[in-house]
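Okay, start36.txt is below, compact mmCIF, C-alpha atoms:
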```
# COMPACT_ATOMS: atom_id res chain seq x y z
CA MET A 1489 4.51 -0.32 5.85
CA PHE A 1490 5.85 0.53 2.38
CA GLU A 1491 9.41 0.61 3.73
CA LEU A 1492 9.44 -3.12 4.40
CA ASP A 1493 10.79 -5.50 1.84
CA ARG A 1494 8.23 -7.46 -0.14
CA SER A 1495 8.58 -10.70 1.80
CA ARG A 1496 8.31 -9.09 5.23
CA SER A 1497 5.39 -6.96 4.13
CA ARG A 1498 3.52 -9.99 2.86
CA GLN A 1499 4.35 -11.89 6.04
CA MET A 1500 2.55 -9.16 7.99
CA PHE A 1501 -0.62 -9.89 6.02
CA PHE A 1502 -0.32 -13.65 6.51
CA GLN A 1503 0.44 -13.33 10.22
CA ALA A 1504 -2.47 -10.99 10.85
CA TRP A 1505 -4.88 -13.28 8.99
CA ARG A 1506 -3.56 -16.39 10.79
CA LYS A 1507 -3.95 -14.71 14.18
CA HIS A 1508 -7.45 -13.56 13.24
CA SER A 1509 -8.37 -17.07 12.08
CA ASN A 1510 -7.11 -18.50 15.38
CA ASN A 1511 -8.93 -15.86 17.46
CA GLU A 1512 -5.64 -14.54 18.81
CA VAL A 1513 -5.19 -11.01 20.10
CA LEU A 1514 -4.24 -8.63 17.28
CA GLU A 1515 -1.91 -5.65 17.42
CA PRO A 1516 -3.49 -2.41 16.12
CA MET A 1517 -1.80 -2.68 12.70
CA GLU A 1518 -2.86 -6.32 12.46
CA SER A 1519 -6.46 -5.31 13.16
CA LEU A 1520 -6.28 -2.79 10.34
CA ILE A 1521 -4.81 -5.41 8.01
CA VAL A 1522 -7.54 -7.90 8.92
CA ASP A 1523 -10.23 -5.26 8.35
CA VAL A 1524 -8.89 -4.69 4.84
CA ILE A 1525 -8.60 -8.41 4.09
CA GLN A 1526 -12.18 -8.93 5.24
CA LEU A 1527 -13.31 -6.35 2.68
CA HIS A 1528 -11.74 -8.52 -0.04
CA PRO A 1529 -13.15 -12.05 0.09
CA GLU A 1530 -11.45 -12.71 -3.25
CA TYR A 1531 -8.14 -12.68 -1.32
CA HIS A 1532 -9.14 -14.99 1.54
CA ALA A 1533 -7.91 -18.17 -0.18
CA LEU A 1534 -4.63 -16.41 -0.91
CA MET A 1535 -4.23 -15.58 2.79
CA GLU A 1536 -4.76 -19.26 3.62
CA ASN A 1537 -1.86 -20.33 1.39
CA PRO A 1538 1.17 -18.17 2.19
CA GLU A 1539 3.67 -20.55 0.59
CA ALA A 1540 2.09 -20.10 -2.83
CA ALA A 1541 1.83 -16.32 -2.59
CA LEU A 1542 4.91 -15.20 -0.66
CA ASP A 1543 7.19 -14.91 -3.70
CA LYS A 1544 4.60 -14.63 -6.46
CA ASP A 1545 5.04 -11.83 -8.95
CA TYR A 1546 2.01 -10.03 -10.36
CA PHE A 1547 2.14 -8.52 -13.83
CA PRO A 1548 -0.31 -5.69 -14.60
CA GLU A 1549 0.50 -5.99 -18.31
CA MET A 1550 -0.98 -9.50 -18.10
CA GLY A 1551 -4.10 -8.24 -16.36
CA GLU A 1552 -2.99 -9.23 -12.86
CA THR A 1553 -3.63 -7.11 -9.80
CA ASN A 1554 -1.15 -7.36 -6.96
CA PRO A 1555 -3.43 -8.10 -3.99
CA PHE A 1556 -0.78 -7.07 -1.47
CA LEU A 1557 -0.23 -3.71 -3.13
CA HIS A 1558 -3.98 -3.21 -3.40
CA MET A 1559 -4.51 -3.90 0.30
CA ALA A 1560 -1.46 -1.82 1.30
CA LEU A 1561 -2.92 1.14 -0.59
CA HIS A 1562 -6.18 0.71 1.35
CA ILE A 1563 -4.18 0.76 4.58
CA ALA A 1564 -2.23 3.84 3.52
CA ILE A 1565 -5.44 5.69 2.68
CA LYS A 1566 -7.07 4.71 5.97
CA GLU A 1567 -4.02 5.96 7.84
CA GLN A 1568 -3.92 9.20 5.84
CA ILE A 1569 -7.57 9.89 6.61
CA SER A 1570 -7.16 9.06 10.30
CA ILE A 1571 -4.41 11.69 10.73
CA ASN A 1572 -5.58 14.05 7.96
CA GLN A 1573 -2.27 13.87 6.13
CA PRO A 1574 -1.84 15.24 3.63
CA PHE A 1575 -3.80 18.05 5.20
CA GLY A 1576 -7.29 18.20 3.71
CA ILE A 1577 -7.69 14.56 2.73
CA SER A 1578 -10.25 13.98 5.49
CA VAL A 1579 -12.50 16.73 4.12
CA HIS A 1580 -12.30 15.23 0.64
CA TYR A 1581 -13.01 11.78 2.05
CA GLN A 1582 -16.07 12.98 3.98
CA ARG A 1583 -17.39 14.79 0.87
CA LEU A 1584 -17.05 11.62 -1.22
CA LEU A 1585 -18.47 9.43 1.56
CA LYS A 1586 -21.53 11.66 1.86
CA LYS A 1587 -22.21 11.14 -1.84
CA HIS A 1588 -21.29 7.46 -2.27
CA ARG A 1589 -22.07 6.19 1.25
CA ASP A 1590 -19.60 3.29 1.02
CA PRO A 1591 -16.13 3.73 2.56
CA HIS A 1592 -14.72 0.90 0.45
CA ILE A 1593 -15.87 2.49 -2.81
CA VAL A 1594 -14.52 5.88 -1.71
CA GLU A 1595 -11.16 4.33 -0.82
CA HIS A 1596 -11.01 2.77 -4.29
CA MET A 1597 -11.68 6.16 -5.83
CA ILE A 1598 -8.92 7.78 -3.78
CA MET A 1599 -6.64 4.83 -4.53
CA GLU A 1600 -6.56 5.78 -8.20
CA CYS A 1601 -5.16 9.19 -7.24
CA LEU A 1602 -2.68 7.70 -4.79
CA ALA A 1603 -1.43 5.16 -7.33
CA GLN A 1604 -1.10 7.92 -9.93
CA MET A 1605 0.91 10.08 -7.52
CA ILE A 1606 3.26 7.20 -6.67
CA TRP A 1607 3.70 6.28 -10.33
CA GLU A 1608 4.47 9.90 -11.28
CA ALA A 1609 7.03 10.22 -8.48
CA GLN A 1610 8.74 6.99 -9.52
CA ARG A 1611 8.72 7.93 -13.19
CA ASN A 1612 10.12 11.40 -12.52
CA HIS A 1613 12.47 10.33 -9.70
CA THR A 1614 10.88 12.92 -7.41
CA MET A 1615 9.13 13.01 -4.08
CA PRO A 1616 5.39 12.33 -4.18
CA ASP A 1617 3.44 15.53 -4.82
CA ASN A 1618 0.73 15.89 -2.18
CA GLU A 1619 -0.74 18.95 -3.88
CA LEU A 1620 -1.36 17.04 -7.10
CA TYR A 1621 -2.70 14.11 -5.06
CA LEU A 1622 -5.23 16.33 -3.27
CA GLU A 1623 -6.09 18.08 -6.53
CA CYS A 1624 -6.84 14.71 -8.11
CA ILE A 1625 -9.03 13.70 -5.14
CA GLY A 1626 -10.78 17.06 -5.31
CA LYS A 1627 -11.84 16.31 -8.86
CA LEU A 1628 -13.45 12.99 -7.90
CA ASP A 1629 -17.20 12.94 -7.89
```
Any chance you could give the structure as structure tokens?
Amino acid sequence: MFELDRSRSRQMFFQAWRKHSNNEVLEPMESLIVDVIQLHPEYHALMENPEAALDKDYFPEMGETNPFLHMALHIAIKEQISINQPFGISVHYQRLLKKHRDPHIVEHMIMECLAQMIWEAQRNHTMPDNELYLECIGKLD
């Protein structure tokens, strides 16, 4: 999903939400996207207005959260857990879920580590470091 350009990636979100809204049959990835959108009612209006959001820039330094990046990180984490890659993430997830009992909250916790790993890799012009990622998740409580 992260390999798509911004416009095509966002179109995937809009298409999945439109199909869901029209009770159309969803592809497996679309179902996952819809599940994540449903967890974020604050983004529902955005999904209803693709023209306004397709090319919008979000600036963290101005306090803005990029909803598409946020939801894509949820999807990445769900996929990582489903295939246990990097190896061991599922054990960490289950440990955190046992304590916090809310998958959405646990995904948000893991998301901080994932975002940190991506940022570090971009800053250092290196491949993402799965060991540091898992180490960060292991420290979550």
message: List the spatial neighbours of stretch 1607-1621 of chain A as number ranges by chain - criterion: any atom at most 10 Å away, all atoms listed in the file, same-chain residues fewer than 2 positions off excluded.
response: A: 1573-1575, 1577, 1598, 1600-1605, 1623-1626
message: Residues near stretch 1520-1534 of chain A, anyone? I mean within 7 Å using only C-alpha atoms, not counting same-chain ones fewer than 6 positions away, as number ranges by chain.
response: A: 1501, 1504-1505, 1541, 1559, 1562
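Shortest separation to A:Pro1538 among A:Glu1567, A:Arg1498, A:Phe1556, A:Gly1576 occurs at residue A:Arg1498, atoms counted being all atoms listed in the file.
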message: Please compute the atom CA of A:Phe1502-atom CA of A:Asn1572 distance, one decimal, in Å.
response: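 It comes out at 28.2 Å.
The nearest approach to A:Leu1557 among the residues A:Glu1536, A:Arg1583, A:Asp1545, A:Ser1570, with all atoms listed in the file taken into account, belongs to A:Asp1545.
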query: Restricting the calculation to all atoms listed in the file, which member of A:His1596, A:Arg1494, A:His1580, A:Lys1586 is positioned closest to A:Ala1564?
result: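 Residue with the minimum atom-to-atom distance to A:Ala1564: A:His1596.
Using only C-alpha atoms, the smallest distance between any of A:Leu1628, A:Val1579, A:Met1535, A:Ile1563 and A:Pro1516 comes from A:Ile1563.
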- line: atom CA of A:Leu1622 sits from atom CA of A:Asn1554 at a separation of 24.3 Å
query: Which residue out of A:Leu1561, A:Leu1542, A:Ile1606, A:Ile1593 has the minimum interatomic distance to A:Arg1496 when all atoms listed in the file are used?
result: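 Once distances to A:Arg1496 are computed over all atoms listed in the file, the minimum belongs to A:Leu1542.
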Quick one: axis-aligned box around all listed atoms of stretch 1608-1613 of chain A, 6 Å on every side, centre and edge lengths in Å to one decimal, written as lines of an AutoDock Vina configuration file.
```
center_x = 8.5
center_y = 9.2
center_z = -10.8
size_x = 20.0
size_y = 16.4
size_z = 16.7
```
Generate N, CA and C atoms for stretch 1562-1598 of chain A and emit them as a PDB file, in the coordinates of the input.
```
ATOM      1  N   HIS A1562      -5.022   0.485   0.463  1.00  0.00           N
ATOM      2  CA  HIS A1562      -6.180   0.710   1.350  1.00  0.00           C
ATOM      3  C   HIS A1562      -5.696   1.154   2.727  1.00  0.00           C
ATOM      4  N   ILE A1563      -4.698   0.455   3.247  1.00  0.00           N
ATOM      5  CA  ILE A1563      -4.180   0.760   4.580  1.00  0.00           C
ATOM      6  C   ILE A1563      -3.590   2.162   4.603  1.00  0.00           C
ATOM      7  N   ALA A1564      -2.833   2.507   3.582  1.00  0.00           N
ATOM      8  CA  ALA A1564      -2.230   3.840   3.520  1.00  0.00           C
ATOM      9  C   ALA A1564      -3.310   4.916   3.516  1.00  0.00           C
ATOM     10  N   ILE A1565      -4.349   4.703   2.748  1.00  0.00           N
ATOM     11  CA  ILE A1565      -5.440   5.690   2.680  1.00  0.00           C
ATOM     12  C   ILE A1565      -6.153   5.798   4.019  1.00  0.00           C
ATOM     13  N   LYS A1566      -6.426   4.674   4.649  1.00  0.00           N
ATOM     14  CA  LYS A1566      -7.070   4.710   5.970  1.00  0.00           C
ATOM     15  C   LYS A1566      -6.213   5.482   6.966  1.00  0.00           C
ATOM     16  N   GLU A1567      -4.907   5.257   6.928  1.00  0.00           N
ATOM     17  CA  GLU A1567      -4.020   5.960   7.840  1.00  0.00           C
ATOM     18  C   GLU A1567      -3.975   7.461   7.509  1.00  0.00           C
ATOM     19  N   GLN A1568      -3.928   7.793   6.234  1.00  0.00           N
ATOM     20  CA  GLN A1568      -3.920   9.200   5.840  1.00  0.00           C
ATOM     21  C   GLN A1568      -5.160   9.911   6.348  1.00  0.00           C
ATOM     22  N   ILE A1569      -6.304   9.279   6.182  1.00  0.00           N
ATOM     23  CA  ILE A1569      -7.570   9.890   6.610  1.00  0.00           C
ATOM     24  C   ILE A1569      -7.598  10.034   8.130  1.00  0.00           C
ATOM     25  N   SER A1570      -7.094   9.028   8.834  1.00  0.00           N
ATOM     26  CA  SER A1570      -7.160   9.060  10.300  1.00  0.00           C
ATOM     27  C   SER A1570      -6.325  10.192  10.896  1.00  0.00           C
ATOM     28  N   ILE A1571      -5.259  10.607  10.209  1.00  0.00           N
ATOM     29  CA  ILE A1571      -4.410  11.690  10.730  1.00  0.00           C
ATOM     30  C   ILE A1571      -4.497  12.953   9.863  1.00  0.00           C
ATOM     31  N   ASN A1572      -5.371  12.924   8.871  1.00  0.00           N
ATOM     32  CA  ASN A1572      -5.580  14.050   7.960  1.00  0.00           C
ATOM     33  C   ASN A1572      -4.270  14.532   7.327  1.00  0.00           C
ATOM     34  N   GLN A1573      -3.511  13.568   6.841  1.00  0.00           N
ATOM     35  CA  GLN A1573      -2.270  13.870   6.130  1.00  0.00           C
ATOM     36  C   GLN A1573      -2.252  13.140   4.812  1.00  0.00           C
ATOM     37  N   PRO A1574      -2.088  13.805   3.721  1.00  0.00           N
ATOM     38  CA  PRO A1574      -1.840  15.240   3.630  1.00  0.00           C
ATOM     39  C   PRO A1574      -3.067  16.030   4.095  1.00  0.00           C
ATOM     40  N   PHE A1575      -2.761  17.212   4.622  1.00  0.00           N
ATOM     41  CA  PHE A1575      -3.800  18.050   5.200  1.00  0.00           C
ATOM     42  C   PHE A1575      -4.911  18.310   4.184  1.00  0.00           C
ATOM     43  N   GLY A1576      -6.129  17.989   4.572  1.00  0.00           N
ATOM     44  CA  GLY A1576      -7.290  18.200   3.710  1.00  0.00           C
ATOM     45  C   GLY A1576      -7.885  16.913   3.173  1.00  0.00           C
ATOM     46  N   ILE A1577      -7.161  15.806   3.292  1.00  0.00           N
ATOM     47  CA  ILE A1577      -7.690  14.560   2.730  1.00  0.00           C
ATOM     48  C   ILE A1577      -8.965  14.128   3.447  1.00  0.00           C
ATOM     49  N   SER A1578      -9.055  14.387   4.738  1.00  0.00           N
ATOM     50  CA  SER A1578     -10.250  13.980   5.490  1.00  0.00           C
ATOM     51  C   SER A1578     -11.500  14.699   4.996  1.00  0.00           C
ATOM     52  N   VAL A1579     -11.364  15.969   4.650  1.00  0.00           N
ATOM     53  CA  VAL A1579     -12.500  16.730   4.120  1.00  0.00           C
ATOM     54  C   VAL A1579     -12.940  16.148   2.786  1.00  0.00           C
ATOM     55  N   HIS A1580     -11.973  15.854   1.929  1.00  0.00           N
ATOM     56  CA  HIS A1580     -12.300  15.230   0.640  1.00  0.00           C
ATOM     57  C   HIS A1580     -12.979  13.884   0.844  1.00  0.00           C
ATOM     58  N   TYR A1581     -12.444  13.092   1.770  1.00  0.00           N
ATOM     59  CA  TYR A1581     -13.010  11.780   2.050  1.00  0.00           C
ATOM     60  C   TYR A1581     -14.461  11.908   2.527  1.00  0.00           C
ATOM     61  N   GLN A1582     -14.711  12.808   3.455  1.00  0.00           N
ATOM     62  CA  GLN A1582     -16.070  12.980   3.980  1.00  0.00           C
ATOM     63  C   GLN A1582     -17.033  13.438   2.882  1.00  0.00           C
ATOM     64  N   ARG A1583     -16.558  14.318   1.995  1.00  0.00           N
ATOM     65  CA  ARG A1583     -17.390  14.790   0.870  1.00  0.00           C
ATOM     66  C   ARG A1583     -17.765  13.603  -0.024  1.00  0.00           C
ATOM     67  N   LEU A1584     -16.783  12.771  -0.350  1.00  0.00           N
ATOM     68  CA  LEU A1584     -17.050  11.620  -1.220  1.00  0.00           C
ATOM     69  C   LEU A1584     -17.918  10.584  -0.504  1.00  0.00           C
ATOM     70  N   LEU A1585     -17.685  10.390   0.782  1.00  0.00           N
ATOM     71  CA  LEU A1585     -18.470   9.430   1.560  1.00  0.00           C
ATOM     72  C   LEU A1585     -19.930   9.861   1.647  1.00  0.00           C
ATOM     73  N   LYS A1586     -20.154  11.141   1.797  1.00  0.00           N
ATOM     74  CA  LYS A1586     -21.530  11.660   1.860  1.00  0.00           C
ATOM     75  C   LYS A1586     -22.278  11.326   0.570  1.00  0.00           C
ATOM     76  N   LYS A1587     -21.579  11.403  -0.548  1.00  0.00           N
ATOM     77  CA  LYS A1587     -22.210  11.140  -1.840  1.00  0.00           C
ATOM     78  C   LYS A1587     -22.351   9.640  -2.113  1.00  0.00           C
ATOM     79  N   HIS A1588     -21.307   8.869  -1.869  1.00  0.00           N
ATOM     80  CA  HIS A1588     -21.290   7.460  -2.270  1.00  0.00           C
ATOM     81  C   HIS A1588     -21.677   6.485  -1.160  1.00  0.00           C
ATOM     82  N   ARG A1589     -21.602   6.925   0.079  1.00  0.00           N
ATOM     83  CA  ARG A1589     -22.070   6.190   1.250  1.00  0.00           C
ATOM     84  C   ARG A1589     -21.378   4.851   1.510  1.00  0.00           C
ATOM     85  N   ASP A1590     -20.311   4.548   0.821  1.00  0.00           N
ATOM     86  CA  ASP A1590     -19.600   3.290   1.020  1.00  0.00           C
ATOM     87  C   ASP A1590     -18.103   3.578   1.141  1.00  0.00           C
ATOM     88  N   PRO A1591     -17.552   3.419   2.354  1.00  0.00           N
ATOM     89  CA  PRO A1591     -16.130   3.730   2.560  1.00  0.00           C
ATOM     90  C   PRO A1591     -15.208   2.958   1.610  1.00  0.00           C
ATOM     91  N   HIS A1592     -15.554   1.719   1.316  1.00  0.00           N
ATOM     92  CA  HIS A1592     -14.720   0.900   0.450  1.00  0.00           C
ATOM     93  C   HIS A1592     -14.673   1.480  -0.972  1.00  0.00           C
ATOM     94  N   ILE A1593     -15.807   1.881  -1.472  1.00  0.00           N
ATOM     95  CA  ILE A1593     -15.870   2.490  -2.810  1.00  0.00           C
ATOM     96  C   ILE A1593     -15.077   3.793  -2.825  1.00  0.00           C
ATOM     97  N   VAL A1594     -15.232   4.594  -1.778  1.00  0.00           N
ATOM     98  CA  VAL A1594     -14.520   5.880  -1.710  1.00  0.00           C
ATOM     99  C   VAL A1594     -13.009   5.635  -1.651  1.00  0.00           C
ATOM    100  N   GLU A1595     -12.588   4.644  -0.880  1.00  0.00           N
ATOM    101  CA  GLU A1595     -11.160   4.330  -0.820  1.00  0.00           C
ATOM    102  C   GLU A1595     -10.640   3.913  -2.199  1.00  0.00           C
ATOM    103  N   HIS A1596     -11.423   3.155  -2.937  1.00  0.00           N
ATOM    104  CA  HIS A1596     -11.010   2.770  -4.290  1.00  0.00           C
ATOM    105  C   HIS A1596     -10.880   3.985  -5.193  1.00  0.00           C
ATOM    106  N   MET A1597     -11.756   4.935  -5.028  1.00  0.00           N
ATOM    107  CA  MET A1597     -11.680   6.160  -5.830  1.00  0.00           C
ATOM    108  C   MET A1597     -10.384   6.914  -5.502  1.00  0.00           C
ATOM    109  N   ILE A1598     -10.124   7.083  -4.219  1.00  0.00           N
ATOM    110  CA  ILE A1598      -8.920   7.780  -3.780  1.00  0.00           C
ATOM    111  C   ILE A1598      -7.672   7.004  -4.193  1.00  0.00           C
TER     112      ILE A1598
END
```
